[in-house]
Amino acid sequence: MKKEGRGLKKRPELSEKEREKKSRMFGRKKDGQTSGDGIRKKNAKSRRASTAFLAPSIFGVLLFFVVPFFVVIYYSVVDNPIQHNFVFLNNFINVFNNAAFRQAASNTMKFSVIAVPLAVVLSLGLAMLLDSKIPFKSQFRTFFLTPMMVPIASIVLIWQVLFHYNGMVNDITALFGTDKIDWLKSEHAQVVIIVLFLWKNLGYNMILFMSALGSIPKDILEVAVLESAKPRQIFFHIKIRYLSSTILFVTIMSLINSFKVFREIYLLTDDYPYNTVYMMQHFMNNTFGNLDYQKLSAAAIMMSVVMVIIIGILFLTENHFGKDVEG
Amino acid sequence: MQKNRILKNGILKNGILIKSRQKKRSKRLCVSIAAAALLLLGGCGGPDGEQAGTAGKEQEDYVYVAEYQSLDDICDTVATTVLGNDGNVYFTGIRDKEDVFFAMKIGEDDAKEVPLGLEKGMHVSAMGKDTEGNLLLGLIRYEGDPESGGTLKNVAIQKISPEGEKLEFVDTGNAFLKKDSSSFYISDLLQDKEGNYYICSGKDICVLRSDGSIYFEIPIGQYVNDMFAMKDGSVVVAYYGNTGWSLEVVDFAQKSLKPLESSIVFDYGTYLGGTETDLLYTQNAILYTCNLGDEKPTALLNWMDSDINSSNLQDFTILPDGRIAAVTIDYSAGAEMELSVLTKKNRSEVPEKQILTYASLYVPYYTENDIVAFNKQSDKYRIEVKEYGDDTMDYADRMSLLNTDLTSGNGPDIIDLSYCPLSLSELVDAGVVEDLTPYLEADDTLKREDMVENVMRAYEQDGGLYGIMSCFGIESIIGKVSDVGDQTTWSIEDMMALVDSKGKDVEIIEYMDKSYMLTLLCMMNQNLFIDKEAGTCDFTSGEFAKMLEFANRFPKEVDYNANGPSEIEKIRNGQLVLISRIITSVSLYQMYEYEFGEPVNFIGYPTFEGSGLLLSSNGTTVAMHAGSKNKDGVWEFIRFNLSEKRQENLPTANGGFPILKSALDKELAEAMEDEYYEDEDGNQKLTSKATWSTGDFSVEVYAATQEQVDRIREMIDTAQPNARADQKISEIINEEAQAYFDGQKSMEDVAALVQNRVQTYLSETK
């Protein structure tokens, strides 16, 4: 006696004819001999071909990502690359207690907390503006995209001309009788860098938002208008929900770019800048130059852990807000 | 069948055949991609890679093995040498106070001797060749002490056959007597096919007819490194001119020099005419041969591989049997003249040694000397130099190459500290360098107490000894006692008072600008502002402001005026008050005393506390790589450089004070001994120990006084290590100070900025 549990279905008996049909479909021969070996051979060959195609990529990923990642972990738990004495968490403790690391982490966090939301909100606002019926839309779009096409060296040069102690901004403010400000070597330095970051990234983010706005189903928006929904309600209850995945993407990209702003700062202010613009990558770049690989590795791991947590939170947020949106 | 065929074709629904075709396509595609990838990969290596491999293999297959023979064993003093194309070496020397000509078959121990029977007072200044294989002796005769000048009385050329038979004697009469009689000498001599003689006397070329009368003269204005005849007989002069290295041929029609036409770029080196090719020359330790029409020269060997220091080369030639002969003078072994014969051998025939790698961004001649000497005497170890990058590479790239090697498992064994871009503390903190204390303690012959303690401390950190300099100099500011007083140290206020006491048109320190002065002051006084242990700094105190204010009194930029008055003229006219110099010998100390013309004080740089004298590494200074697999070999090299024989010969080899106390004592004691020469009548007469010349100024130095030697000892004992200077901090200070120097920011603002940035740096490195 067989028990039929809930949710379990009894397997139906097959008739002779159906068995024959099925065996033909799955390669079983008429005389009762199976052709499973042939299929397995073909599957094996198929797997080998796939493996052959994938091998270079897998090898590349292993060589350039996975192995270095483990090397970094290894370096973070030894005293130095020559002696290789295991010190467990000492490097992490040293790094955590290092005043420069704390300064860099604090500056980077402060910069990201200010610059990333600004980059998302302002680019979304610009996208909304260009999505509405305004004149010179195309020209505005081009204007905001221009910084993407300018080489980094030119950007730095422009910013130096503007914000140098003897630069244009000070010349202009001098017309109003104000004292000169050393923009890049004072408390104002982070403001300059945030402006530079926004100027460089708004255009790209804006294009992404414009594309996402264009893909919101028109019928839903029309229904909302017919139901007398106010523009604010349409924005928060429909558009934001449809834009959630794009917001997540733009936020992650902006976050990554905010870590990469080191390049501009380095070119503007060298490897030991004014302390308010001393970033995590300054710390890492300088420790690499000083051959302090263990400090560098520990800092890199701590930073990656924080990044993983932040991105995880962003994914959870996106899942929460965008779960009832189609597609 | 039809059904089967249809099924087999599987028109859309039966996947079997379609799959089969897809698989075949996939296979073809896979094979094609793999083939393309292989071709691409092959293309990456390409013919160049193959060539390089072959060349590398070829290089690995053979090596030139040198056999050495000291020419000093044959006679008392070797004066001049010439390598003949006939497989003989010819040289002149003194035996039993008589000038003798020697002809020796290369490879044999015995030389044929022919007394030259020179006129009294005549000596051989140079040796050359004519086009027929005969030898030319350039003879000069002085009256009086030749060491201290004397008066030039005669210049002549003696032609002799390879067997020593006198063929011709050409007296130049008064041709050269109009020259500066105290400094005339012949550096090169040869004769062309037409019988004209060419005499090079330092900065001038003089062409003489076969009877000794002057045909024409070519003033060069620069010291001529080499004068030689090429295969076609044309005479070429090699020198470093105003526009760089020049090879110029003597133009008979214009009675001048004209550039040698070749697509090959020649650079500083030793140049000779070849027998099979136009030129045979050494550049960057590599021996090349080439014809002028060649696109690039052919490299024959690297002298370092055969344990020959290319800086010591006097003459070299390719012998008819393919061997290469070279004559060298090794100053690190008491100016020993040596004949080396290099034979090409399979590498397998050469006894294997453990290889030690010497890493540096640049290898100075004295280090090359030390390495060659070590390699020659060691049966167990061999040092190979790894120079990181060349002049065409960016400094950061070269530094990056070195850093990568230092931290990798295959790093070098020996690290040159003189030219290492990383500071000692960076190397120690990164665990790259080994503490030498256990090696020194375990050594049977070398003891720490045998070394000058102050110099040993230069490369100490946290109780460990990480480097040793084999010899050193003392950097100091020098001034008249009447200006700086007779105390051993002085403060910035003292120096500012001196500056204030002088007129505005008076130069305080020659070629000293604001930046350099600030760098020096920061280096001397950085302990006042920086606590590296705690990772803190304080630049906001008044002392830093004082330094800024003081440095601001110097010019922003200094132009070198080649046509202006000389240094000694400026000092003696009161236009220049102080000079900054490195003292590397007693005679140099005496020379600077003489330069000022009145009692002087080697007072050092102004400081807030302690001595202002700086220790400066002046010889091979190395550290042991912590990851070296041949640490005993590295220590062997260090102790070789610190051995008594090497240390006692340092003054001539490197020009610095030895770190070994006994060698230093010996050098200082010898400096106080008078030197004598024997005049024509056999009487002992006092002579100078050294002659220093710069421009028109020349000074002969005699035995030092006890007082002078005592002051040098005191300077050595109190000088501070230079290695403590932190490059990055100096850079930050100088960068920020520019705004103050330009009058754009106040001292307080600059100090606050320096404080901010240096604090970040210190926090990071803690």
# chains A, B, ... in the order shown; residues from 1 in each chain; ligands from 1
>>> residues_around(residues="stretch 319-324 of chain B", least_positions_apart="5", cutoff="6 Å", atoms="only C-alpha atoms", output="PyMOL selection string")
chain B and resi 87+341-343
>>> residues_around(residues="B:Asn284", least_positions_apart="2", cutoff="12 Å", atoms="only C-alpha atoms", output="ChimeraX atom specification")
/B:266-270,281-282,286-288,299,301-304,309-311,362-365,368,387,390
>>> interface_residues(of="chain A", to="chain B", cutoff="10 Å", atoms="only C-alpha atoms", output="PyMOL selection string")
chain A and resi 25+27+42+45-46+49-50+52-53+79-84+94-95+98-104+165-166+180+182+185-186+270-276+278+282-284+286-295
>>> residues_around(residues="B:Ser306", least_positions_apart="3", cutoff="7 Å", atoms="only C-alpha atoms", output="VMD selection string")
chain B and resid 64 to 66 303
>>> select_by_dssp(residues="stretch 270-493 of chain B", states="alpha helix (DSSP H)", output="JSON, numbers by chain")
{"B": [365, 366, 367, 368, 369, 370, 371, 372, 373, 374, 375, 376, 377, 395, 396, 397, 398, 399, 400, 401, 402, 403, 404, 405, 406, 407, 424, 425, 426, 427, 428, 429, 437, 438, 439, 440, 441, 442, 453, 454, 455, 456, 481, 482, 483, 484, 492, 493]}
>>> write_last_selection(atoms="C-alpha atoms", output="CSV table (one decimal), in the first residue's frame")
chain,number,residue,atom,x,y,z
B,365,TYR,CA,82.6,53.9,-10.6
B,366,TYR,CA,83.8,53.1,-7.1
B,367,THR,CA,81.1,50.5,-6.6
B,368,GLU,CA,82.0,49.0,-9.9
B,369,ASN,CA,85.5,48.9,-8.7
B,370,ASP,CA,84.6,47.2,-5.4
B,371,ILE,CA,82.4,44.6,-7.2
B,372,VAL,CA,85.1,43.8,-9.8
B,373,ALA,CA,87.7,43.4,-7.1
B,374,PHE,CA,85.4,41.2,-5.0
B,375,ASN,CA,84.5,39.0,-8.0
B,376,LYS,CA,88.2,38.6,-8.9
B,377,GLN,CA,89.2,37.3,-5.5
B,395,TYR,CA,62.3,58.1,-12.1
B,396,ALA,CA,59.0,56.9,-10.7
B,397,ASP,CA,59.0,53.9,-13.1
B,398,ARG,CA,62.6,53.0,-12.1
B,399,MET,CA,61.6,53.3,-8.5
B,400,SER,CA,58.6,51.1,-9.1
B,401,LEU,CA,60.7,48.4,-10.7
B,402,LEU,CA,63.1,48.4,-7.8
B,403,ASN,CA,60.3,48.4,-5.2
B,404,THR,CA,58.6,45.4,-6.9
B,405,ASP,CA,61.8,43.4,-6.8
B,406,LEU,CA,62.5,44.4,-3.2
B,407,THR,CA,59.2,43.0,-2.0
B,424,LEU,CA,66.3,53.6,5.6
B,425,SER,CA,63.3,53.8,7.8
B,426,GLU,CA,61.0,52.8,4.9
B,427,LEU,CA,63.2,49.8,4.1
B,428,VAL,CA,63.4,48.8,7.8
B,429,ASP,CA,59.6,49.3,8.4
B,437,THR,CA,74.5,43.2,14.0
B,438,PRO,CA,74.5,39.4,14.3
B,439,TYR,CA,76.9,39.1,11.3
B,440,LEU,CA,79.2,41.7,12.8
B,441,GLU,CA,79.1,40.0,16.2
B,442,ALA,CA,79.8,36.6,14.7
B,453,GLU,CA,81.5,54.7,15.9
B,454,ASN,CA,79.9,57.9,14.7
B,455,VAL,CA,79.8,56.7,11.1
B,456,MET,CA,78.5,53.2,12.1
B,481,VAL,CA,87.5,82.8,11.5
B,482,SER,CA,87.2,86.6,11.3
B,483,ASP,CA,83.6,86.1,9.9
B,484,VAL,CA,82.3,83.1,11.7
B,492,ILE,CA,70.6,80.6,12.8
B,493,GLU,CA,70.8,83.9,14.7
>>> residues_around(residues="B:Gly138", least_positions_apart="2", cutoff="9 Å", atoms="only C-alpha atoms", output="PDB file with N, CA and C atoms, in the first residue's frame")
ATOM      1  N   HIS B 123     111.955  62.196 -19.275  1.00  0.00           N
ATOM      2  CA  HIS B 123     111.127  61.024 -18.956  1.00  0.00           C
ATOM      3  C   HIS B 123     110.028  60.836 -20.002  1.00  0.00           C
ATOM      4  N   VAL B 124     109.494  59.598 -20.008  1.00  0.00           N
ATOM      5  CA  VAL B 124     108.477  59.260 -21.017  1.00  0.00           C
ATOM      6  C   VAL B 124     107.124  59.748 -20.514  1.00  0.00           C
ATOM      7  N   SER B 125     106.491  60.609 -21.302  1.00  0.00           N
ATOM      8  CA  SER B 125     105.190  61.148 -20.919  1.00  0.00           C
ATOM      9  C   SER B 125     104.053  60.352 -21.552  1.00  0.00           C
ATOM     10  N   ALA B 126     104.277  59.880 -22.779  1.00  0.00           N
ATOM     11  CA  ALA B 126     103.216  59.109 -23.456  1.00  0.00           C
ATOM     12  C   ALA B 126     103.835  58.161 -24.468  1.00  0.00           C
ATOM     13  N   MET B 127     103.048  57.193 -24.861  1.00  0.00           N
ATOM     14  CA  MET B 127     103.527  56.205 -25.827  1.00  0.00           C
ATOM     15  C   MET B 127     102.468  56.074 -26.914  1.00  0.00           C
ATOM     16  N   GLY B 128     102.901  55.964 -28.171  1.00  0.00           N
ATOM     17  CA  GLY B 128     101.943  55.813 -29.271  1.00  0.00           C
ATOM     18  C   GLY B 128     102.490  54.903 -30.351  1.00  0.00           C
ATOM     19  N   LEU B 136     106.189  54.999 -30.643  1.00  0.00           N
ATOM     20  CA  LEU B 136     106.618  56.382 -30.455  1.00  0.00           C
ATOM     21  C   LEU B 136     106.632  56.694 -28.971  1.00  0.00           C
ATOM     22  N   ILE B 140     109.617  64.291 -22.419  1.00  0.00           N
ATOM     23  CA  ILE B 140     109.694  65.682 -21.954  1.00  0.00           C
ATOM     24  C   ILE B 140     110.737  65.798 -20.848  1.00  0.00           C
ATOM     25  N   VAL B 155     110.919  68.956 -25.404  1.00  0.00           N
ATOM     26  CA  VAL B 155     109.892  67.978 -25.807  1.00  0.00           C
ATOM     27  C   VAL B 155     110.405  67.296 -27.070  1.00  0.00           C
ATOM     28  N   ALA B 156     110.420  65.967 -27.056  1.00  0.00           N
ATOM     29  CA  ALA B 156     110.965  65.236 -28.211  1.00  0.00           C
ATOM     30  C   ALA B 156     110.171  63.963 -28.455  1.00  0.00           C
ATOM     31  N   ILE B 157     110.343  63.400 -29.646  1.00  0.00           N
ATOM     32  CA  ILE B 157     109.681  62.122 -29.976  1.00  0.00           C
ATOM     33  C   ILE B 157     110.761  61.122 -30.354  1.00  0.00           C
ATOM     34  N   GLN B 158     110.710  59.971 -29.716  1.00  0.00           N
ATOM     35  CA  GLN B 158     111.660  58.899 -30.022  1.00  0.00           C
ATOM     36  C   GLN B 158     110.889  57.761 -30.680  1.00  0.00           C
ATOM     37  N   LYS B 159     111.288  57.421 -31.929  1.00  0.00           N
ATOM     38  CA  LYS B 159     110.624  56.288 -32.592  1.00  0.00           C
ATOM     39  C   LYS B 159     111.509  55.055 -32.418  1.00  0.00           C
ATOM     40  N   ILE B 186     102.147  65.158 -22.308  1.00  0.00           N
ATOM     41  CA  ILE B 186     101.600  64.577 -23.536  1.00  0.00           C
ATOM     42  C   ILE B 186     100.634  63.468 -23.109  1.00  0.00           C
ATOM     43  N   SER B 187      99.393  63.579 -23.561  1.00  0.00           N
ATOM     44  CA  SER B 187      98.419  62.530 -23.198  1.00  0.00           C
ATOM     45  C   SER B 187      98.295  61.476 -24.301  1.00  0.00           C
ATOM     46  N   ASP B 188      98.413  61.891 -25.562  1.00  0.00           N
ATOM     47  CA  ASP B 188      98.333  60.943 -26.678  1.00  0.00           C
ATOM     48  C   ASP B 188      99.317  61.350 -27.755  1.00  0.00           C
ATOM     49  N   LEU B 189      99.767  60.342 -28.479  1.00  0.00           N
ATOM     50  CA  LEU B 189     100.794  60.592 -29.495  1.00  0.00           C
ATOM     51  C   LEU B 189     100.612  59.572 -30.612  1.00  0.00           C
ATOM     52  N   ILE B 199     100.394  65.363 -31.498  1.00  0.00           N
ATOM     53  CA  ILE B 199     100.613  65.370 -30.047  1.00  0.00           C
ATOM     54  C   ILE B 199      99.400  66.007 -29.377  1.00  0.00           C
TER      55      ILE B 199
END
>>> atom_distance(atom1="atom CA of B:Gly202", atom2="atom CA of B:Ser263")
28.0 Å
>>> residues_around(residues="A:Leu268", least_positions_apart="3", cutoff="7 Å", atoms="only C-alpha atoms", output="short mmCIF file (atom, residue, chain, number, x, y, z; two decimals) with N, CA and C atoms, in the first residue's frame")
data_model
loop_
_atom_site.label_atom_id
_atom_site.label_comp_id
_atom_site.auth_asym_id
_atom_site.auth_seq_id
_atom_site.Cartn_x
_atom_site.Cartn_y
_atom_site.Cartn_z
N VAL A 156 41.60 68.59 -14.62
CA VAL A 156 42.45 69.03 -13.50
C VAL A 156 43.04 70.40 -13.79
N GLN A 160 42.47 73.69 -11.67
CA GLN A 160 43.61 74.41 -11.08
C GLN A 160 43.55 75.89 -11.44
N GLU A 264 41.48 62.62 -9.28
CA GLU A 264 41.43 64.08 -9.47
C GLU A 264 42.15 64.80 -8.32
N ILE A 265 41.90 64.31 -7.11
CA ILE A 265 42.52 64.97 -5.94
C ILE A 265 44.04 64.84 -6.02
#
>>> residues_around(residues="stretch 307-323 of chain A", least_positions_apart="6", cutoff="12 Å", atoms="only C-alpha atoms", output="list in words")
Thr108, Met109, Ser112, Val113, Phe236, His237, Ile238, Lys239, Ile240, Arg241, Tyr242, Leu243, Ser244, Ser245, Thr246, Ile247, Leu248, Phe249, Val250, Thr251, Ile252, Met253, Ser254, Leu255, Ile256, Ser258, Phe259, Ala300 and Ile301 of chain A
>>> write_last_selection(atoms="C-alpha atoms", output="compact mmCIF listing (two decimals), in the first residue's frame")
# COMPACT_ATOMS: atom_id res chain seq x y z
CA THR A 108 35.91 59.29 2.24
CA MET A 109 32.72 58.50 4.14
CA SER A 112 30.41 59.78 -0.22
CA VAL A 113 27.57 60.65 2.15
CA PHE A 236 6.60 59.27 -5.54
CA HIS A 237 4.09 56.46 -6.07
CA ILE A 238 4.74 55.53 -9.71
CA LYS A 239 7.90 57.01 -11.15
CA ILE A 240 10.16 56.38 -8.15
CA ARG A 241 8.96 52.79 -7.97
CA TYR A 242 9.71 52.20 -11.65
CA LEU A 243 13.05 54.00 -11.28
CA SER A 244 14.12 52.02 -8.23
CA SER A 245 16.46 49.67 -10.08
CA THR A 246 18.02 52.60 -11.95
CA ILE A 247 18.37 54.55 -8.71
CA LEU A 248 20.13 51.55 -7.21
CA PHE A 249 22.43 51.29 -10.22
CA VAL A 250 23.19 55.03 -10.26
CA THR A 251 23.80 55.02 -6.51
CA ILE A 252 26.23 52.11 -6.75
CA MET A 253 28.03 53.69 -9.71
CA SER A 254 28.21 57.05 -7.94
CA LEU A 255 29.48 55.36 -4.81
CA ILE A 256 32.21 53.63 -6.77
CA SER A 258 33.17 58.70 -5.23
CA PHE A 259 35.95 56.32 -4.20
CA ALA A 300 41.80 47.23 1.38
CA ILE A 301 40.00 44.35 3.05
>>> residues_around(residues="B:Lys504", least_positions_apart="2", cutoff="12 Å", atoms="only C-alpha atoms", output="list in words")
Leu498, Val499, Asp500, Ser501, Lys502, Val506, Glu507, Ile508, Arg553, Phe554, Pro555, Gln575 and Leu576 of chain B
>>> atom_distance(atom1="atom CA of B:Asn630", atom2="atom CA of B:Leu465")
18.4 Å
